[in-house]
Amino acid sequence: MPQFELQDFAPQLIWLTISFVALYFIMARVALPRIATVIEERRDRIASDLDQAEQLKQKTDAAIAAYEEALATARAKALGIAQETREALAAEVDAEKARAEKQIAEKTAEAEKRIAESKSDALTHINEVAGEVAGAIIKELIDAKASKSEVNQAVSKALVN
Amino acid sequence: MPNPMLQFEIKRFVKLDLFGLDASFTNSSLFMVIAVFLISLLTIWGMRGRALVPTRMQSVAEISYEFVANMVRDNVGSAGQKYFPFVFSLFMFVLFTNMLGMMPYSFTVTSHIIVTFALAAIVFIGVTIIGFAKHGLGFLKILVPSGVPAMLLPMLVVIELISYFTRPLSLSVRLFANMMAGHAMLKVFGAFVVGLGLIGGWAPLAFMVAFTGLEILVAFLQAYVFAILSCIYLNDALHMHH
């Protein structure tokens with residue numbers, strides 16, 4: 001077996017020492033610190049990015065809260081204005097209605113008075129006409145002359161009955 | 001049939017001598033250097049953009065980093081942060097040498113017991129030193145299980161001692177045996193494909209395709225096991241939870 005050739009041990013050990021020591025120093029002094037720096041930088045960068053994202057999120061949240069507050073205020077105000085307008089309009093309508101009703105009542109009263117006047121007027125005229133007609137009928141039927149007051153009296157009596 | 005162990009032979013490319021020791025540049029050395037180069041390429045060139053949104057290469061580098069970092073954090077805790085570069089180097093070195101071995105005509109560095117044993121020995125010696133440095137002689141209590149009758153203690157201490165000292169052995173043999181067996185198996189079945197030719201070669205070829213997939217899994221898994229066991233030993237030394 002070539003593994004147990006004793007004269008091959010020395011060159012292998014010497015070159016193993018040379019190459020392994022060289023590797024150790026290259027790794028320890030140059031390569032590993034560099035890799036560590038790069039990984040560290042990346043970790044820091046990610047942490048700071050996350051930090052920034054968190055801050056921006058907080059700002060966004062604050063902005064959203066402010067917006068919602070403003071919206072709520074505006075809505076409340078709008079509701080108030082609508083309510084006020086509604087009340088004002090209702091009052092106006094009520095006033096207008098009351099005035100119109102009063103006017104209508106006045107006119108109705110006036111019309112009723114006029115109708116009553118016309119009615120009584122008409123009634124007095126009917127007495128007169130009936131008297132005249134009765135006088136004429138009496139004259140034609142029995143050719144007697146009745147005095148006007150007598151006829152009227154009789155007509156009034158008949159009309160009342 | 002070609003010898004399936006031939007692929008593990010050490011070939012000297014450049015003969016070198018270091019204070020009387022043979023320090024030749026071999027095929028094993030070549031793949032160690034390639035592994036170190038590729039790991040550096042991935043972790044340095046791949047990260048050159050330092051992008052917030054990573055490219056594919058950067059993603060792979062970062063995933064490797066996070067993977068090992070989590071492994072250390074979960075198994076050792078914050079005290080293990082100091083040893084993270086070592087565990088990362090260990091994991092990446094084993095992973096890349098294992099993976100490079102999966103390429104045809106390449107050499108698998110971790111298929112040699114001396115290499116895996118050396119890596120395990122670094123972990124073992126390092127962990128033992130850390131244990132004594134942190135707890136002084138109190139570290140020896142790691143060998144004494146709590147809540148055991150006094151009668152049994154001597155025997156258990158011996159067992160614990162053996163188990164402690166076999167750690168580097170099991171750690172290194174596990175990796176080495178897995179790598180060697182897998183590659184030898186691939187070679188044997190590769191020889192079957194050629195041997196059975198166009199008519200009968202399909203069956204071992206199909207097996208090899210599936211087995212290559214399994215070997216890639218094993219290459220990753222063994223690197224992971226090596227690293228996580230190192231973490232667990234380190235945790236024992238640091239916290240002494242037994």
# chains A, B, ... in the order shown; residues from 1 in each chain; ligands from 1
call {"tool": "closest_atom_pairs", "arguments": {"of": "chain B", "to": "chain A", "cutoff": "9 Å", "atoms": "only C-alpha atoms", "output": "tab-separated table"}}
result
residue	atom	partner	partner_atom	distance
B:Met5	CA	A:Met1	CA	6.6
B:Leu6	CA	A:Pro2	CA	7.6
B:Gln7	CA	A:Pro2	CA	8.9
B:Phe8	CA	A:Pro2	CA	6.0
B:Glu9	CA	A:Pro2	CA	5.2
B:Ile10	CA	A:Asp8	CA	6.8
B:Leu16	CA	A:Pro11	CA	8.8
B:Leu21	CA	A:Ala10	CA	6.7
B:Asp22	CA	A:Pro11	CA	5.6
B:Ala23	CA	A:Pro11	CA	4.3
B:Ser24	CA	A:Pro11	CA	5.5
B:Phe25	CA	A:Pro11	CA	7.1
B:Thr26	CA	A:Pro11	CA	7.4
B:Ser28	CA	A:Gln12	CA	6.8
B:Ser29	CA	A:Trp15	CA	5.6
B:Leu30	CA	A:Trp15	CA	9.0
B:Met32	CA	A:Ser19	CA	6.3
B:Val33	CA	A:Ser19	CA	6.0
B:Ala35	CA	A:Ser19	CA	8.8
B:Val36	CA	A:Leu23	CA	5.7
B:Phe37	CA	A:Leu23	CA	8.5
B:Ile39	CA	A:Leu23	CA	8.1
B:Ser40	CA	A:Ile26	CA	7.2
B:Thr43	CA	A:Ala31	CA	5.6
B:Ile44	CA	A:Ala31	CA	5.4
B:Met47	CA	A:Ile35	CA	7.0
B:Arg50	CA	A:Val38	CA	5.9
B:Ala51	CA	A:Val38	CA	7.5
B:Leu52	CA	A:Arg42	CA	5.9
B:Val53	CA	A:Arg42	CA	8.5
B:Gln58	CA	A:Ile35	CA	8.9
B:Ala61	CA	A:Ile35	CA	7.8
B:Glu62	CA	A:Ile35	CA	6.6
B:Tyr65	CA	A:Ile35	CA	7.5
B:Phe84	CA	A:Ala28	CA	8.7
B:Pro85	CA	A:Ala28	CA	5.3
B:Phe86	CA	A:Tyr24	CA	6.4
B:Phe88	CA	A:Met27	CA	8.0
B:Ser89	CA	A:Tyr24	CA	5.7
B:Leu90	CA	A:Phe20	CA	8.2
B:Phe93	CA	A:Phe20	CA	7.7
B:Val109	CA	A:Gln12	CA	8.9
B:Ser111	CA	A:Gln3	CA	7.9
B:His112	CA	A:Gln3	CA	5.4
B:Ile113	CA	A:Gln3	CA	6.4
B:Ile114	CA	A:Phe9	CA	6.5
B:Val115	CA	A:Leu13	CA	6.7
B:Ala118	CA	A:Leu13	CA	7.3
B:Leu119	CA	A:Leu16	CA	8.8
call {"tool": "write_last_selection", "arguments": {"atoms": "C-alpha atoms", "output": "PDB file, in the first residue's frame"}}
result
ATOM      1  CA  MET B   5      -3.887   1.087  -5.269  1.00  0.00           C
ATOM      2  CA  LEU B   6      -1.627   2.561  -7.937  1.00  0.00           C
ATOM      3  CA  GLN B   7      -3.620   5.819  -7.884  1.00  0.00           C
ATOM      4  CA  PHE B   8      -2.433   6.473  -4.324  1.00  0.00           C
ATOM      5  CA  GLU B   9       1.250   6.421  -5.257  1.00  0.00           C
ATOM      6  CA  ILE B  10       3.265   9.496  -4.358  1.00  0.00           C
ATOM      7  CA  LEU B  16      13.769  19.153  -2.795  1.00  0.00           C
ATOM      8  CA  LEU B  21      14.486  16.051   5.175  1.00  0.00           C
ATOM      9  CA  ASP B  22      12.871  15.017   1.907  1.00  0.00           C
ATOM     10  CA  ALA B  23      10.651  17.988   0.998  1.00  0.00           C
ATOM     11  CA  SER B  24      10.048  17.045  -2.624  1.00  0.00           C
ATOM     12  CA  PHE B  25       7.165  18.626  -4.440  1.00  0.00           C
ATOM     13  CA  THR B  26       4.892  15.653  -5.121  1.00  0.00           C
ATOM     14  CA  SER B  28       0.102  15.285  -3.146  1.00  0.00           C
ATOM     15  CA  SER B  29       1.776  18.677  -2.653  1.00  0.00           C
ATOM     16  CA  LEU B  30       0.385  19.841  -5.975  1.00  0.00           C
ATOM     17  CA  MET B  32      -2.737  20.645  -1.510  1.00  0.00           C
ATOM     18  CA  VAL B  33      -1.540  23.830  -3.194  1.00  0.00           C
ATOM     19  CA  ALA B  35      -6.878  23.285  -2.836  1.00  0.00           C
ATOM     20  CA  VAL B  36      -5.426  26.279  -0.984  1.00  0.00           C
ATOM     21  CA  PHE B  37      -5.485  28.295  -4.217  1.00  0.00           C
ATOM     22  CA  ILE B  39     -10.302  28.100  -1.446  1.00  0.00           C
ATOM     23  CA  SER B  40      -8.572  31.492  -1.568  1.00  0.00           C
ATOM     24  CA  THR B  43     -13.307  33.348  -0.542  1.00  0.00           C
ATOM     25  CA  ILE B  44     -11.317  36.324  -1.817  1.00  0.00           C
ATOM     26  CA  MET B  47     -16.137  38.200  -2.556  1.00  0.00           C
ATOM     27  CA  ARG B  50     -18.786  42.830  -1.694  1.00  0.00           C
ATOM     28  CA  ALA B  51     -22.261  43.116  -3.089  1.00  0.00           C
ATOM     29  CA  LEU B  52     -25.349  43.636  -0.995  1.00  0.00           C
ATOM     30  CA  VAL B  53     -27.092  41.169  -3.273  1.00  0.00           C
ATOM     31  CA  GLN B  58     -20.129  35.334  -3.410  1.00  0.00           C
ATOM     32  CA  ALA B  61     -18.424  31.864  -0.162  1.00  0.00           C
ATOM     33  CA  GLU B  62     -20.992  33.324   2.234  1.00  0.00           C
ATOM     34  CA  TYR B  65     -18.851  30.940   6.003  1.00  0.00           C
ATOM     35  CA  PHE B  84     -13.532  29.723  13.918  1.00  0.00           C
ATOM     36  CA  PRO B  85     -10.773  30.523  11.350  1.00  0.00           C
ATOM     37  CA  PHE B  86      -9.072  27.234  12.206  1.00  0.00           C
ATOM     38  CA  PHE B  88     -13.122  26.953   8.682  1.00  0.00           C
ATOM     39  CA  SER B  89      -9.661  26.247   7.234  1.00  0.00           C
ATOM     40  CA  LEU B  90      -9.862  22.637   8.364  1.00  0.00           C
ATOM     41  CA  PHE B  93      -9.167  22.069   3.240  1.00  0.00           C
ATOM     42  CA  VAL B 109      -4.631  14.120  -0.605  1.00  0.00           C
ATOM     43  CA  SER B 111      -6.509   9.193   1.051  1.00  0.00           C
ATOM     44  CA  HIS B 112      -3.199   9.105   2.894  1.00  0.00           C
ATOM     45  CA  ILE B 113      -3.285   8.224   6.578  1.00  0.00           C
ATOM     46  CA  ILE B 114      -0.274  10.403   7.319  1.00  0.00           C
ATOM     47  CA  VAL B 115      -2.101  13.531   6.103  1.00  0.00           C
ATOM     48  CA  ALA B 118      -1.436  14.994  10.963  1.00  0.00           C
ATOM     49  CA  LEU B 119      -4.659  17.034  10.751  1.00  0.00           C
TER      50      LEU B 119
END
call {"tool": "atom_distance", "arguments": {"atom1": "atom CA of Tyr224 of chain B", "atom2": "atom CA of Glu66 of chain B"}}
result
13.5 Å
call {"tool": "atom_distance", "arguments": {"atom1": "atom CA of Arg73 of chain B", "atom2": "atom CA of Ile232 of chain B"}}
result
11.0 Å
call {"tool": "atom_distance", "arguments": {"atom1": "atom CA of Thr97 of chain B", "atom2": "atom CA of His183 of chain B"}}
result
13.2 Å
call {"tool": "select_by_dssp", "arguments": {"residues": "segment 20-198 of chain B", "states": "alpha helix (DSSP H)", "output": "JSON, numbers by chain"}}
result
{"B": [27, 28, 29, 30, 31, 32, 33, 34, 35, 36, 37, 38, 39, 40, 56, 57, 58, 59, 60, 61, 62, 63, 64, 65, 66, 67, 68, 69, 70, 71, 72, 73, 74, 75, 84, 85, 86, 87, 88, 89, 90, 91, 92, 93, 94, 95, 96, 97, 98, 99, 100, 101, 113, 114, 115, 116, 117, 118, 119, 120, 121, 122, 123, 124, 125, 126, 127, 128, 129, 130, 131, 132, 133, 134, 135, 153, 154, 155, 156, 157, 158, 159, 160, 161, 162, 163, 164, 165, 166, 167, 168, 169, 170, 171, 172, 173, 174, 175, 176, 177, 178, 179, 180, 181, 182, 183, 184, 185, 186, 187, 188, 189, 190, 191, 192, 193, 194, 195, 196, 197, 198]}
call {"tool": "residues_around", "arguments": {"residues": "Met185 of chain B", "least_positions_apart": "5", "cutoff": "12 Å", "atoms": "only C-alpha atoms", "output": "PDB file with N, CA, C and O atoms, in the first residue's frame"}}
result
ATOM      1  N   ASN B   3      -3.679  -2.263 -10.995  1.00  0.00           N
ATOM      2  CA  ASN B   3      -3.691  -2.223  -9.538  1.00  0.00           C
ATOM      3  C   ASN B   3      -4.495  -1.020  -9.038  1.00  0.00           C
ATOM      4  O   ASN B   3      -4.158   0.125  -9.343  1.00  0.00           O
ATOM      5  N   PRO B   4      -5.574  -1.278  -8.267  1.00  0.00           N
ATOM      6  CA  PRO B   4      -6.396  -0.141  -7.817  1.00  0.00           C
ATOM      7  C   PRO B   4      -5.683   0.747  -6.800  1.00  0.00           C
ATOM      8  O   PRO B   4      -6.146   1.863  -6.532  1.00  0.00           O
ATOM      9  N   MET B   5      -4.602   0.271  -6.246  1.00  0.00           N
ATOM     10  CA  MET B   5      -3.887   1.087  -5.269  1.00  0.00           C
ATOM     11  C   MET B   5      -2.849   1.993  -5.926  1.00  0.00           C
ATOM     12  O   MET B   5      -2.249   2.836  -5.267  1.00  0.00           O
ATOM     13  N   GLN B   7      -3.241   4.395  -7.862  1.00  0.00           N
ATOM     14  CA  GLN B   7      -3.620   5.819  -7.884  1.00  0.00           C
ATOM     15  C   GLN B   7      -3.160   6.567  -6.631  1.00  0.00           C
ATOM     16  O   GLN B   7      -3.143   7.785  -6.623  1.00  0.00           O
ATOM     17  N   ALA B 177      -9.865   6.061   5.532  1.00  0.00           N
ATOM     18  CA  ALA B 177     -10.444   4.804   5.065  1.00  0.00           C
ATOM     19  C   ALA B 177     -11.588   5.061   4.093  1.00  0.00           C
ATOM     20  O   ALA B 177     -11.701   4.400   3.053  1.00  0.00           O
ATOM     21  N   ASN B 178     -12.422   6.051   4.407  1.00  0.00           N
ATOM     22  CA  ASN B 178     -13.517   6.388   3.502  1.00  0.00           C
ATOM     23  C   ASN B 178     -13.014   6.780   2.124  1.00  0.00           C
ATOM     24  O   ASN B 178     -13.518   6.322   1.103  1.00  0.00           O
ATOM     25  N   MET B 179     -12.005   7.654   2.132  1.00  0.00           N
ATOM     26  CA  MET B 179     -11.484   8.153   0.859  1.00  0.00           C
ATOM     27  C   MET B 179     -10.807   7.029   0.072  1.00  0.00           C
ATOM     28  O   MET B 179     -11.068   6.840  -1.110  1.00  0.00           O
ATOM     29  N   MET B 180      -9.958   6.290   0.767  1.00  0.00           N
ATOM     30  CA  MET B 180      -9.204   5.251   0.071  1.00  0.00           C
ATOM     31  C   MET B 180     -10.145   4.180  -0.471  1.00  0.00           C
ATOM     32  O   MET B 180     -10.060   3.791  -1.645  1.00  0.00           O
ATOM     33  N   GLY B 190     -14.127   0.577 -12.547  1.00  0.00           N
ATOM     34  CA  GLY B 190     -13.672   1.130 -13.822  1.00  0.00           C
ATOM     35  C   GLY B 190     -12.979   0.049 -14.642  1.00  0.00           C
ATOM     36  O   GLY B 190     -13.195  -0.065 -15.857  1.00  0.00           O
ATOM     37  N   ALA B 191     -12.180  -0.781 -13.960  1.00  0.00           N
ATOM     38  CA  ALA B 191     -11.499  -1.866 -14.650  1.00  0.00           C
ATOM     39  C   ALA B 191     -12.509  -2.886 -15.180  1.00  0.00           C
ATOM     40  O   ALA B 191     -12.341  -3.422 -16.274  1.00  0.00           O
ATOM     41  N   PHE B 192     -13.588  -3.111 -14.410  1.00  0.00           N
ATOM     42  CA  PHE B 192     -14.641  -4.022 -14.879  1.00  0.00           C
ATOM     43  C   PHE B 192     -15.268  -3.517 -16.175  1.00  0.00           C
ATOM     44  O   PHE B 192     -15.552  -4.291 -17.084  1.00  0.00           O
ATOM     45  N   PRO B 204     -21.499  -2.405 -14.762  1.00  0.00           N
ATOM     46  CA  PRO B 204     -20.590  -1.707 -13.840  1.00  0.00           C
ATOM     47  C   PRO B 204     -20.511  -0.209 -14.103  1.00  0.00           C
ATOM     48  O   PRO B 204     -20.310   0.565 -13.162  1.00  0.00           O
ATOM     49  N   PHE B 207     -23.380   1.296 -12.314  1.00  0.00           N
ATOM     50  CA  PHE B 207     -23.057   1.289 -10.888  1.00  0.00           C
ATOM     51  C   PHE B 207     -22.088   2.418 -10.557  1.00  0.00           C
ATOM     52  O   PHE B 207     -22.234   3.120  -9.551  1.00  0.00           O
ATOM     53  N   MET B 208     -21.108   2.606 -11.432  1.00  0.00           N
ATOM     54  CA  MET B 208     -20.094   3.639 -11.173  1.00  0.00           C
ATOM     55  C   MET B 208     -20.678   5.038 -11.150  1.00  0.00           C
ATOM     56  O   MET B 208     -20.254   5.878 -10.369  1.00  0.00           O
ATOM     57  N   PHE B 211     -22.339   5.331  -7.928  1.00  0.00           N
ATOM     58  CA  PHE B 211     -21.345   5.316  -6.859  1.00  0.00           C
ATOM     59  C   PHE B 211     -20.552   6.625  -6.808  1.00  0.00           C
ATOM     60  O   PHE B 211     -20.172   7.089  -5.729  1.00  0.00           O
ATOM     61  N   THR B 212     -20.352   7.234  -7.980  1.00  0.00           N
ATOM     62  CA  THR B 212     -19.664   8.530  -8.012  1.00  0.00           C
ATOM     63  C   THR B 212     -20.485   9.578  -7.258  1.00  0.00           C
ATOM     64  O   THR B 212     -19.940  10.384  -6.499  1.00  0.00           O
ATOM     65  N   LEU B 214     -22.539   8.946  -4.826  1.00  0.00           N
ATOM     66  CA  LEU B 214     -22.381   8.618  -3.405  1.00  0.00           C
ATOM     67  C   LEU B 214     -21.038   9.116  -2.889  1.00  0.00           C
ATOM     68  O   LEU B 214     -20.939   9.661  -1.780  1.00  0.00           O
ATOM     69  N   GLU B 215     -20.001   8.963  -3.705  1.00  0.00           N
ATOM     70  CA  GLU B 215     -18.661   9.382  -3.287  1.00  0.00           C
ATOM     71  C   GLU B 215     -18.579  10.889  -3.080  1.00  0.00           C
ATOM     72  O   GLU B 215     -17.900  11.378  -2.182  1.00  0.00           O
TER      73      GLU B 215
END
call {"tool": "select_by_dssp", "arguments": {"residues": "segment 20-122 of chain B", "states": "strand (DSSP E)", "output": "short mmCIF file (atom, residue, chain, number, x, y, z; two decimals) with N, CA, C and O atoms, in the first residue's frame"}}
result
data_model
loop_
_atom_site.label_atom_id
_atom_site.label_comp_id
_atom_site.auth_asym_id
_atom_site.auth_seq_id
_atom_site.Cartn_x
_atom_site.Cartn_y
_atom_site.Cartn_z
N LEU B 21 15.76 16.76 5.33
CA LEU B 21 14.49 16.05 5.18
C LEU B 21 14.06 16.10 3.71
O LEU B 21 14.33 17.07 3.00
N ASP B 22 13.38 15.06 3.28
CA ASP B 22 12.87 15.02 1.91
C ASP B 22 11.64 15.91 1.81
O ASP B 22 10.59 15.61 2.37
N PHE B 25 8.49 18.20 -4.00
CA PHE B 25 7.16 18.63 -4.44
C PHE B 25 6.52 17.45 -5.17
O PHE B 25 6.96 17.06 -6.25
N THR B 26 5.49 16.87 -4.56
CA THR B 26 4.89 15.65 -5.12
C THR B 26 3.50 15.93 -5.68
O THR B 26 3.01 17.08 -5.62
#
call {"tool": "residues_around", "arguments": {"residues": "Ile159 of chain B", "least_positions_apart": "4", "cutoff": "12 Å", "atoms": "only C-alpha atoms", "output": "list in words"}}
result
Ile142, Leu143, Val144, Pro145, Leu152, Leu153, Pro154, Met155, Ser163, Tyr164, Phe165 and Thr166 of chain B
